[in-house]
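Novice: Input file: target.txt. Contents: compact mmCIF, C-alpha atoms and all ligand atoms.
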# COMPACT_ATOMS: atom_id res chain seq x y z
CA MET D 18 28.83 -66.60 -38.57
CA ASP D 19 30.33 -68.80 -35.88
CA GLU D 20 28.71 -68.48 -32.46
CA ARG D 21 32.19 -67.96 -31.10
CA ASP D 22 32.60 -65.02 -33.40
CA PRO D 23 30.47 -62.13 -32.18
CA PRO D 24 30.80 -59.03 -34.35
CA ASP D 25 33.33 -56.42 -33.37
CA ASP D 26 30.82 -53.90 -32.06
CA SER D 27 32.75 -51.04 -30.49
CA ARG D 28 29.69 -49.33 -29.08
CA LEU D 29 28.59 -52.47 -27.28
CA ASP D 30 32.11 -52.85 -25.89
CA GLN D 31 32.06 -49.29 -24.60
CA THR D 32 28.72 -49.91 -22.90
CA LEU D 33 30.05 -53.08 -21.28
CA ILE D 34 33.21 -51.28 -20.12
CA SER D 35 31.10 -48.56 -18.50
CA ARG D 36 28.94 -51.15 -16.80
CA TRP D 37 32.00 -52.98 -15.51
CA ARG D 38 33.47 -49.73 -14.19
CA ALA D 39 30.20 -49.08 -12.41
CA GLY D 40 30.62 -52.39 -10.60
CA ASP D 41 28.67 -54.79 -12.83
CA GLU D 42 30.85 -57.89 -12.93
CA ARG D 43 28.60 -59.66 -15.43
CA ALA D 44 29.82 -57.14 -17.98
CA ALA D 45 33.29 -58.65 -17.60
CA THR D 46 31.94 -62.07 -18.54
CA GLN D 47 30.37 -60.66 -21.66
CA LEU D 48 33.54 -58.81 -22.63
CA VAL D 49 35.65 -61.94 -22.19
CA GLU D 50 33.19 -64.06 -24.16
CA ARG D 51 33.13 -61.50 -26.93
CA HIS D 52 36.90 -61.50 -27.47
CA ALA D 53 38.68 -64.45 -25.83
CA HIS D 54 38.33 -66.91 -28.72
CA GLN D 55 39.62 -64.39 -31.22
CA VAL D 56 42.61 -63.62 -29.03
CA ALA D 57 43.35 -67.35 -28.75
CA ARG D 58 43.20 -67.78 -32.52
CA TYR D 59 45.41 -64.79 -33.08
CA LEU D 60 48.02 -66.02 -30.59
CA GLN D 61 47.92 -69.39 -32.31
CA SER D 62 48.54 -67.77 -35.68
CA LEU D 63 51.59 -66.15 -34.12
CA GLY D 64 52.89 -69.63 -33.44
CA ALA D 65 51.84 -69.87 -29.79
CA ARG D 66 51.12 -73.54 -29.19
CA ASP D 67 51.26 -74.47 -25.56
CA ALA D 68 49.97 -72.14 -22.87
CA VAL D 69 47.67 -70.29 -25.25
CA GLU D 70 44.93 -70.32 -22.66
CA GLU D 71 47.28 -69.00 -20.02
CA LEU D 72 48.37 -66.22 -22.35
CA VAL D 73 44.76 -65.35 -23.10
CA GLN D 74 44.06 -65.14 -19.38
CA ASP D 75 47.12 -62.97 -18.77
CA THR D 76 45.99 -60.77 -21.62
CA PHE D 77 42.58 -60.18 -20.08
CA VAL D 78 43.99 -59.56 -16.63
CA ARG D 79 46.23 -56.93 -18.20
CA VAL D 80 43.36 -55.50 -20.24
CA PHE D 81 41.06 -55.12 -17.25
CA SER D 82 43.84 -53.72 -15.08
CA SER D 83 44.57 -51.00 -17.60
CA LEU D 84 41.11 -50.24 -18.98
CA ASP D 85 41.56 -46.68 -17.73
CA SER D 86 44.24 -46.19 -20.35
CA PHE D 87 41.99 -47.45 -23.16
CA ARG D 88 41.09 -44.30 -25.04
CA GLY D 89 38.80 -45.87 -27.61
CA ASP D 90 40.92 -44.63 -30.56
CA SER D 91 40.89 -48.18 -31.85
CA SER D 92 38.32 -50.89 -31.30
CA LEU D 93 38.63 -52.75 -28.01
CA ARG D 94 39.50 -55.95 -29.89
CA THR D 95 42.37 -54.27 -31.70
CA TRP D 96 43.67 -52.98 -28.37
CA ILE D 97 43.37 -56.44 -26.79
CA PHE D 98 45.29 -57.96 -29.70
CA THR D 99 48.06 -55.42 -29.19
CA ILE D 100 48.36 -56.42 -25.54
CA ALA D 101 48.21 -60.16 -26.34
CA ARG D 102 50.97 -59.75 -28.88
CA ARG D 103 53.20 -57.91 -26.43
CA LEU D 104 52.67 -60.59 -23.79
CA LEU D 105 53.51 -63.36 -26.24
CA LEU D 106 56.70 -61.62 -27.30
CA ASP D 107 57.63 -61.06 -23.65
CA SER D 108 57.02 -64.72 -22.82
CA ARG D 109 59.15 -65.75 -25.77
CA ARG D 110 61.98 -63.57 -24.60
CA ALA D 111 61.69 -65.11 -21.13
CA PHE D 112 61.59 -68.58 -22.70
CA LYS D 113 64.67 -67.81 -24.74
CA ARG D 114 66.52 -66.72 -21.61
CA ARG D 115 65.54 -69.97 -19.87
CA ARG D 116 66.51 -72.01 -22.90
CA ASP D 117 69.94 -70.43 -22.91
CA VAL D 118 70.39 -71.94 -19.48
CA GLU D 119 68.56 -75.22 -19.98
CA PRO D 120 68.48 -77.07 -23.31
CA VAL D 121 65.02 -77.82 -24.74
CA HIS D 122 64.11 -81.27 -26.00
CA GLU D 123 63.06 -80.84 -29.59
CA GLY D 124 60.74 -83.85 -29.35
CA ASP D 125 58.40 -82.03 -26.95
CA ALA D 126 57.56 -79.33 -29.43
CA VAL D 127 56.94 -81.83 -32.21
CA THR D 128 54.58 -83.87 -30.05
CA GLU D 129 52.59 -80.79 -29.16
CA TYR D 130 52.33 -79.85 -32.79
CA ASP D 131 51.07 -83.30 -33.73
CA ALA D 132 48.44 -83.19 -31.00
CA LEU D 133 47.28 -79.86 -32.34
CA ASP D 134 47.05 -81.18 -35.86
CA GLY D 135 44.88 -84.01 -34.61
CA MET D 136 42.23 -81.47 -33.68
CA ILE D 137 41.78 -80.28 -37.22
CA ALA D 138 38.77 -81.75 -38.92
CA GLY D 139 39.02 -82.54 -42.60
CA GLU D 140 41.93 -82.80 -44.96
CA SER D 141 41.25 -79.61 -46.81
CA GLY D 142 41.47 -77.66 -43.55
CA GLN D 143 44.84 -79.25 -42.95
CA ARG D 144 46.06 -78.45 -46.44
CA VAL D 145 45.00 -74.86 -46.07
CA LEU D 146 46.75 -74.49 -42.73
CA ASP D 147 49.89 -76.08 -44.13
CA ALA D 148 49.87 -73.51 -46.89
CA VAL D 149 49.58 -70.73 -44.31
CA GLU D 150 52.27 -72.24 -42.12
CA ARG D 151 54.76 -71.84 -44.93
CA LEU D 152 54.43 -68.07 -44.96
CA SER D 153 57.06 -65.89 -43.34
CA PRO D 154 56.17 -64.99 -39.73
CA THR D 155 55.18 -61.42 -40.63
CA GLN D 156 53.12 -62.49 -43.64
CA ARG D 157 51.42 -65.17 -41.56
CA GLU D 158 50.56 -62.72 -38.81
CA VAL D 159 49.13 -60.11 -41.18
CA PHE D 160 47.28 -62.78 -43.16
CA ALA D 161 45.79 -64.29 -40.00
CA LEU D 162 44.69 -60.91 -38.69
CA ARG D 163 43.06 -60.09 -41.97
CA VAL D 164 41.54 -63.40 -43.00
CA GLY D 165 41.09 -65.10 -39.62
CA GLU D 166 39.98 -62.00 -37.72
CA GLY D 167 38.77 -59.57 -40.37
CA ARG D 168 41.02 -56.72 -39.23
CA SER D 169 41.45 -53.70 -41.48
CA TYR D 170 44.90 -52.62 -42.67
CA ARG D 171 44.72 -49.74 -40.26
CA GLU D 172 44.03 -52.04 -37.32
CA ILE D 173 46.73 -54.47 -38.41
CA ALA D 174 49.20 -51.60 -38.63
CA ALA D 175 48.31 -50.61 -35.06
CA ILE D 176 48.60 -54.17 -33.72
CA VAL D 177 51.77 -55.18 -35.52
CA GLY D 178 53.42 -51.79 -35.28
CA THR D 179 53.81 -51.03 -38.96
CA THR D 180 52.20 -48.85 -41.64
CA GLU D 181 48.95 -49.53 -43.47
CA GLY D 182 50.87 -49.65 -46.75
CA ALA D 183 53.29 -52.26 -45.42
CA ALA D 184 50.39 -54.31 -44.03
CA ARG D 185 48.72 -54.25 -47.46
CA VAL D 186 51.90 -55.40 -49.19
CA HIS D 187 52.38 -58.23 -46.66
CA TYR D 188 48.79 -59.31 -47.13
CA HIS D 189 48.94 -59.44 -50.92
CA ASN D 190 52.23 -61.30 -50.89
CA ALA D 191 50.72 -63.74 -48.41
CA VAL D 192 47.63 -64.32 -50.57
CA ARG D 193 49.79 -64.99 -53.60
CA THR D 194 52.02 -67.39 -51.68
CA VAL D 195 49.11 -69.29 -50.10
CA LYS D 196 47.52 -69.70 -53.54
CA GLU D 197 50.78 -70.97 -54.95
CA ASN D 198 51.18 -73.38 -52.04
CA LEU D 199 47.63 -74.64 -52.50
CA TYR D 200 47.16 -74.81 -56.22
CA VAL D 201 50.58 -75.44 -57.70
CA MET A 18 38.83 -67.74 -65.90
CA SER A 19 38.37 -63.98 -65.95
CA GLU A 20 41.13 -61.89 -64.38
CA CYS A 21 40.10 -59.45 -61.69
CA GLY A 22 39.58 -55.95 -63.04
CA SER A 23 39.08 -54.33 -59.65
CA PRO A 24 41.92 -54.59 -57.16
CA MET A 25 39.91 -52.38 -54.84
CA MET A 26 37.07 -54.89 -54.64
CA ARG A 27 39.51 -57.73 -54.24
CA ASP A 28 41.12 -55.91 -51.36
CA LEU A 29 37.79 -55.84 -49.54
CA LEU A 30 37.21 -59.58 -49.60
CA PRO A 31 38.35 -60.24 -46.00
CA GLU A 32 36.07 -57.50 -44.66
CA TYR A 33 33.29 -58.88 -46.85
CA LEU A 34 33.91 -62.34 -45.42
CA HIS A 35 33.67 -61.01 -41.87
CA GLY A 36 30.63 -58.86 -42.53
CA ARG A 37 32.52 -55.69 -41.66
CA LEU A 38 31.43 -53.66 -44.70
CA ASP A 39 28.50 -51.27 -44.63
CA ALA A 40 25.46 -52.14 -46.72
CA ALA A 41 26.66 -50.23 -49.79
CA GLY A 42 30.13 -51.77 -49.63
CA HIS A 43 28.70 -55.23 -49.20
CA LEU A 44 26.45 -54.77 -52.23
CA SER A 45 29.26 -53.57 -54.48
CA VAL A 46 31.43 -56.56 -53.55
CA ASP A 47 28.39 -58.79 -54.18
CA SER A 48 27.96 -57.48 -57.69
CA HIS A 49 31.69 -57.66 -58.37
CA LEU A 50 31.74 -61.30 -57.27
CA ALA A 51 28.93 -62.07 -59.70
CA GLU A 52 31.20 -61.22 -62.59
CA CYS A 53 34.72 -61.99 -61.30
CA ASP A 54 35.88 -65.64 -61.25
CA GLU A 55 39.21 -64.75 -59.69
CA CYS A 56 37.59 -63.03 -56.70
CA ARG A 57 35.09 -65.87 -56.21
CA LEU A 58 37.96 -68.34 -56.09
CA GLU A 59 39.96 -66.13 -53.75
CA LEU A 60 36.95 -65.66 -51.48
CA SER A 61 36.43 -69.41 -51.19
CA MET A 62 40.12 -69.85 -50.37
CA LEU A 63 39.88 -67.12 -47.69
CA ALA A 64 36.72 -68.71 -46.30
CA SER A 65 38.38 -72.11 -45.96
CA VAL A 66 41.40 -70.52 -44.27
CA ARG A 67 39.11 -68.80 -41.84
CA GLN A 68 37.19 -71.97 -41.16
CA ALA A 69 40.36 -74.01 -40.66
CA MET A 70 41.69 -71.40 -38.22
CA GLN A 71 38.44 -71.50 -36.27
CA GLN A 72 38.49 -75.28 -36.09
CA ARG A 73 42.09 -75.29 -34.96
CA ALA A 74 41.47 -72.72 -32.22
CA PRO A 75 42.17 -74.00 -28.72
CA ALA A 76 39.32 -74.40 -26.26
CA ILE A 77 39.18 -71.45 -23.91
CA ASP A 78 37.57 -71.55 -20.48
CA THR A 79 36.14 -68.04 -20.36
CA ALA A 80 34.73 -68.55 -16.84
CA ALA A 81 38.24 -69.23 -15.53
CA ILE A 82 39.47 -66.05 -17.19
CA VAL A 83 36.68 -64.03 -15.62
CA ARG A 84 37.53 -65.44 -12.18
CA ALA A 85 41.12 -64.28 -12.58
CA LEU A 86 40.14 -60.70 -13.41
CA PRO A 87 40.65 -57.80 -11.04
CA ARG A 88 37.54 -56.33 -9.45
CA PRO A 89 36.32 -53.05 -10.89
CA THR A 90 37.71 -50.19 -8.86
CA ARG A 91 34.80 -47.88 -8.36
CA ARG A 92 35.69 -44.26 -8.59
CA ARG A 93 34.95 -42.60 -5.28
CA VAL A 94 32.25 -40.02 -5.71
CA VAL A 95 32.63 -37.15 -3.28
CA ARG A 96 29.17 -36.65 -1.92
CA PRO A 97 28.57 -35.16 1.50
CA SER A 98 26.32 -37.07 3.86
CA ILE A 99 23.03 -35.62 5.02
CA MET A 100 24.66 -34.75 8.34
CA GLN A 101 27.50 -32.96 6.62
CA LEU A 102 25.03 -31.09 4.49
CA ALA A 103 22.94 -30.16 7.48
CA ALA A 104 26.00 -29.03 9.33
CA ALA A 105 27.32 -27.15 6.39
CA LEU A 106 24.24 -25.39 5.25
CA SER A 107 21.58 -23.73 7.23
CA PHE A 108 18.94 -21.44 6.01
CA LEU A 109 17.85 -18.45 7.98
CA SER A 110 15.43 -15.67 7.38
CA LEU A 111 16.45 -12.42 8.92
CA GLY A 112 14.09 -9.48 8.43
CA GLY A 113 13.41 -10.31 4.80
CA VAL A 114 17.07 -10.89 3.93
CA SER A 115 17.91 -14.52 3.40
CA LEU A 116 21.18 -15.74 4.74
CA VAL A 117 23.00 -18.90 4.17
CA VAL A 118 25.78 -19.97 6.38
CA ALA A 119 27.83 -22.41 4.47
CA ARG A 120 30.76 -23.94 6.16
CA SER A 121 33.18 -24.79 3.48
CA PHE A 122 33.27 -28.52 4.07
CA TYR A 123 34.47 -28.91 0.50
CA ASP A 124 37.81 -27.67 1.70
CA ARG A 125 38.08 -30.90 3.57
CA GLU A 126 36.43 -33.08 0.96
CA SER A 127 38.30 -32.52 -2.25
CA ALA A 128 40.82 -30.31 -3.91
CA VAL A 129 38.51 -29.72 -6.86
CA ALA A 130 35.79 -28.41 -4.63
CA THR A 131 38.26 -26.21 -2.82
CA SER A 132 39.19 -24.44 -5.98
CA ASP A 133 35.50 -24.03 -6.73
CA SER A 134 34.69 -22.57 -3.38
CA GLY A 135 37.47 -20.07 -3.83
CA ARG A 136 35.84 -18.90 -7.03
CA THR A 137 33.10 -16.77 -5.58
CA ARG A 138 31.31 -14.48 -7.92
CA SER A 139 31.85 -11.28 -6.02
CA GLY A 140 35.14 -12.25 -4.52
CA SER A 141 34.13 -10.44 -1.35
CA ASP A 142 32.65 -13.21 0.75
CA SER A 143 33.75 -13.15 4.28
CA VAL A 144 35.33 -16.01 6.11
CA VAL A 145 34.35 -16.24 9.71
CA GLY A 146 35.99 -18.32 12.38
CA ASP A 147 37.51 -21.60 11.24
CA GLY A 148 36.62 -21.49 7.62
CA THR A 149 32.95 -20.76 8.09
CA ARG A 150 31.80 -18.94 5.03
CA LEU A 151 29.15 -16.40 5.47
CA LEU A 152 26.99 -15.63 2.53
CA ALA A 153 24.00 -13.49 1.91
CA ILE A 154 21.79 -14.63 -0.90
CA ALA A 155 19.87 -12.08 -2.87
CA ASP A 156 16.96 -14.40 -3.62
CA PRO A 157 14.97 -14.96 -0.47
CA GLY A 158 12.99 -17.77 -2.14
CA LEU A 159 16.01 -19.99 -2.56
CA THR A 160 15.91 -22.77 -0.04
CA VAL A 161 19.06 -24.65 0.66
CA GLY A 162 19.89 -27.30 3.19
CA GLY A 163 18.21 -28.16 6.46
CA GLY A 164 17.13 -25.95 9.30
CA VAL A 165 18.73 -24.89 12.53
CA ALA A 166 17.18 -27.91 14.20
CA ASP A 167 19.56 -30.16 12.30
CA LEU A 168 22.60 -28.47 13.75
CA GLY A 169 24.69 -29.81 16.60
CA ALA A 170 25.83 -27.67 19.53
CA ASP A 171 29.12 -26.84 17.82
CA GLU A 172 27.41 -25.79 14.64
CA ILE A 173 24.96 -23.57 16.50
CA GLU A 174 27.81 -21.94 18.31
CA GLN A 175 29.57 -21.35 15.01
CA LEU A 176 26.38 -20.05 13.51
CA LEU A 177 25.86 -17.58 16.33
CA GLY A 178 29.44 -16.47 15.94
CA ALA A 179 28.86 -16.06 12.26
CA LEU A 180 25.74 -14.01 12.78
CA GLU A 181 27.57 -11.73 15.14
CA SER A 182 30.22 -11.15 12.53
CA LEU A 183 27.57 -10.57 9.94
CA GLU A 184 26.40 -7.49 11.71
CA ALA A 185 29.77 -5.99 10.93
CA ILE A 186 29.25 -6.37 7.18
CA PRO A 187 27.53 -3.49 5.40
CA SER A 188 24.10 -4.59 4.20
CA ALA A 189 24.74 -3.65 0.56
CA GLN A 190 27.53 -6.18 0.50
CA GLN A 191 25.32 -8.85 1.96
CA ASP A 192 23.09 -8.84 -1.06
CA LEU A 193 25.91 -9.46 -3.47
CA LEU A 194 27.37 -12.57 -2.06
CA LEU A 195 26.28 -15.59 -3.98
CA THR A 196 28.78 -18.31 -4.67
CA GLU A 197 28.71 -21.00 -7.30
CA ASP A 198 29.45 -23.26 -4.39
CA THR A 199 26.10 -22.55 -2.83
CA THR A 200 24.24 -23.00 -6.09
CA ARG A 201 25.91 -26.33 -6.60
CA VAL A 202 25.14 -27.60 -3.16
CA GLY A 203 21.54 -26.55 -3.68
CA GLY A 204 21.52 -28.65 -6.81
CA VAL A 205 22.78 -31.70 -5.03
CA ARG A 206 19.69 -32.03 -2.90
ZN ZN D 301 37.75 -59.44 -58.80
Represent the structure contained in this file as structure tokens.
Ligand SMILES: [Zn+2]
Specialist:
Amino acid sequence: MDERDPPDDSRLDQTLISRWRAGDERAATQLVERHAHQVARYLQSLGARDAVEELVQDTFVRVFSSLDSFRGDSSLRTWIFTIARRLLLDSRRAFKRRRDVEPVHEGDAVTEYDALDGMIAGESGQRVLDAVERLSPTQREVFALRVGEGRSYREIAAIVGTTEGAARVHYHNAVRTVKENLYV
Amino acid sequence: MSECGSPMMRDLLPEYLHGRLDAAGHLSVDSHLAECDECRLELSMLASVRQAMQQRAPAIDTAAIVRALPRPTRRRVVRPSIMQLAAALSFLSLGGVSLVVARSFYDRESAVATSDSGRTRSGSDSVVGDGTRLLAIADPGLTVGGGVADLGADEIEQLLGALESLEAIPSAQQDLLLTEDTTRVGGVR
């Protein structure tokens, strides 16, 4: 397992939250380190390219400001993903409003995408990501949550705002499409 | 290549990949993989997707995130100071009958405590002066709070006033008055 990928241990999260509430600020560091990289990956799978780090930071500020409303019905990570997703959608809406006023130069986005691709090591990794990129946005999101982050259908349903059954269907369609994109 | 005969096992591959199955679940996927080419191939595809996503992930400065976080807001615990306790509770022995004069400082401290202090067991406690609650405790061995020496001039005056009023209460009633309030304060010490 990747060192950036600590297991989703809800009990440990609860302990850390209690310690943070009691004034232990080191618990905050541990909580951030346990989840920040996953949130970044998830936002990226949603198509967030620039300002991912800023979005991750905003997400954690929001998370820590509203920890009192975290009931523990879902795992902390699932809850954080839900908040990250909402912030991304909000920022997109704000971006769209700005764009309506001020035209965007298409070239900027392409350059950013190329720079991102340069970070990928190995051709097979690139091929795989290309295959995933060709999924529909919903399929890609569900697929990334399941394969990239190991979320259950139930958690995906909570994050995306759909049913477990729909999440399962999206996942299986995504798997089939990725295989077709890769092997055909 | 053999076709997968167990959609249920196939459905568990992402959880298997992330180590999110319990031991029994992990073992059953293991044994299914040993005999299912299709699932082995799918698992290796899922593993390379996962790896590619991890490699693509942007660098995140977690220390910067932590610096931007709000400070924990400690919940204020209502706990009376020693002085408040001393002023509020004083233990006296009066001819074998133990008396506790408890000024209901909770009334000032918190709404929760106020509702508690109103919930006396006998419902017949007497309020003397400005909210000074006069209680007789049946158990003479129960020691609560500090002594008279801890009291300020005002408190002593109140106490004397309270004792005067006490004389007006029939002695039978004195024995009955024990509040949950008093018990709780005793427990705080
Ligand atoms: Zn199979």
Novice: Within 8 Å of chain A, which residues of chain D are there when counting all atoms listed in the file? Please give them as a short mmCIF file (atom, residue, chain, number, x, y, z; two decimals) with C-alpha atoms, in the frame of the given file.
Specialist:
data_model
loop_
_atom_site.label_atom_id
_atom_site.label_comp_id
_atom_site.auth_asym_id
_atom_site.auth_seq_id
_atom_site.Cartn_x
_atom_site.Cartn_y
_atom_site.Cartn_z
CA TRP D 37 32.00 -52.98 -15.51
CA ARG D 38 33.47 -49.73 -14.19
CA ALA D 39 30.20 -49.08 -12.41
CA GLY D 40 30.62 -52.39 -10.60
CA GLU D 42 30.85 -57.89 -12.93
CA ALA D 45 33.29 -58.65 -17.60
CA THR D 46 31.94 -62.07 -18.54
CA VAL D 49 35.65 -61.94 -22.19
CA GLU D 50 33.19 -64.06 -24.16
CA ALA D 53 38.68 -64.45 -25.83
CA HIS D 54 38.33 -66.91 -28.72
CA ALA D 57 43.35 -67.35 -28.75
CA ARG D 58 43.20 -67.78 -32.52
CA GLN D 61 47.92 -69.39 -32.31
CA VAL D 69 47.67 -70.29 -25.25
CA GLU D 70 44.93 -70.32 -22.66
CA VAL D 73 44.76 -65.35 -23.10
CA GLN D 74 44.06 -65.14 -19.38
CA PHE D 77 42.58 -60.18 -20.08
CA VAL D 78 43.99 -59.56 -16.63
CA PHE D 81 41.06 -55.12 -17.25
CA SER D 82 43.84 -53.72 -15.08
CA LEU D 133 47.28 -79.86 -32.34
CA ASP D 134 47.05 -81.18 -35.86
CA MET D 136 42.23 -81.47 -33.68
CA ILE D 137 41.78 -80.28 -37.22
CA ALA D 138 38.77 -81.75 -38.92
CA GLY D 142 41.47 -77.66 -43.55
CA GLN D 143 44.84 -79.25 -42.95
CA VAL D 145 45.00 -74.86 -46.07
CA LEU D 146 46.75 -74.49 -42.73
CA ARG D 163 43.06 -60.09 -41.97
CA VAL D 164 41.54 -63.40 -43.00
CA GLY D 165 41.09 -65.10 -39.62
CA GLU D 166 39.98 -62.00 -37.72
CA GLY D 167 38.77 -59.57 -40.37
CA ARG D 168 41.02 -56.72 -39.23
CA SER D 169 41.45 -53.70 -41.48
#
Novice: Between atom CA of Val80 of chain D and atom CA of Ile100 of chain D, what distance in Å does the model show, to one decimal?
Specialist: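 Atom-to-atom, atom CA of Val80 of chain D to atom CA of Ile100 of chain D, that is 7.3 Å.
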Novice: Measure the distance from atom CA of Ala65 of chain D to atom CA of Arg193 of chain D in Å and round it to one decimal.
Specialist: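 A separation of 24.4 Å between them.
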Novice: Dump the neighbourhood of ligand ZN 301 (chain D) as a list in words: all residues within 6 Å, distances computed on all atoms listed in the file.
Specialist: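 Taking all atoms listed in the file into account, the residues around ligand ZN 301 (chain D) at most 6 Å away are Cys21, Gly22, Ser23, Arg27, Cys53, Glu55 and Cys56 of chain A.
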Novice: What does the distance between atom CA of Arg157 of chain D and atom CA of Glu71 of chain D come to in Å, to one decimal place?
Specialist: 22.3 Å
Novice: At a cut-off of 9 Å, using all atoms listed in the file, what residues contact segment 85-95 of chain D? Leave out same-chain residues fewer than 3 positions from it and give the result as a list in words.
Specialist: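 My reading of the contact set: Asp25, Asp26, Ser27, Asp30, Gln31, Arg51, His52, Gln55, Val56, Val80, Phe81, Ser82, Phe98, Thr99, Ile100, Arg168, Glu172, Ile173, Ala175 and Ile176 of chain D.
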Novice: Within 10 Å of Leu63 of chain D, counting all atoms listed in the file, which residues show up once you throw out same-chain ones fewer than 4 positions away? Write them as a ChimeraX atom specification, please.
Specialist: /D:57-59,102,105-106,154-155,157-159,161-162
Novice: Using all atoms listed in the file, which of the listed residues (D:Ala183, D:Val195, D:Val201, D:Leu84) sits closest to Trp96 of chain D?
Specialist: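 Distance minimum relative to Trp96 of chain D lands on D:Leu84.
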Novice: Let me make sure I understand: among D:Arg185, D:Thr194, D:Ser108, D:Arg114, which one has the smallest atom-to-atom distance to Met25 of chain A if we use all atoms listed in the file?
Specialist: D:Arg185
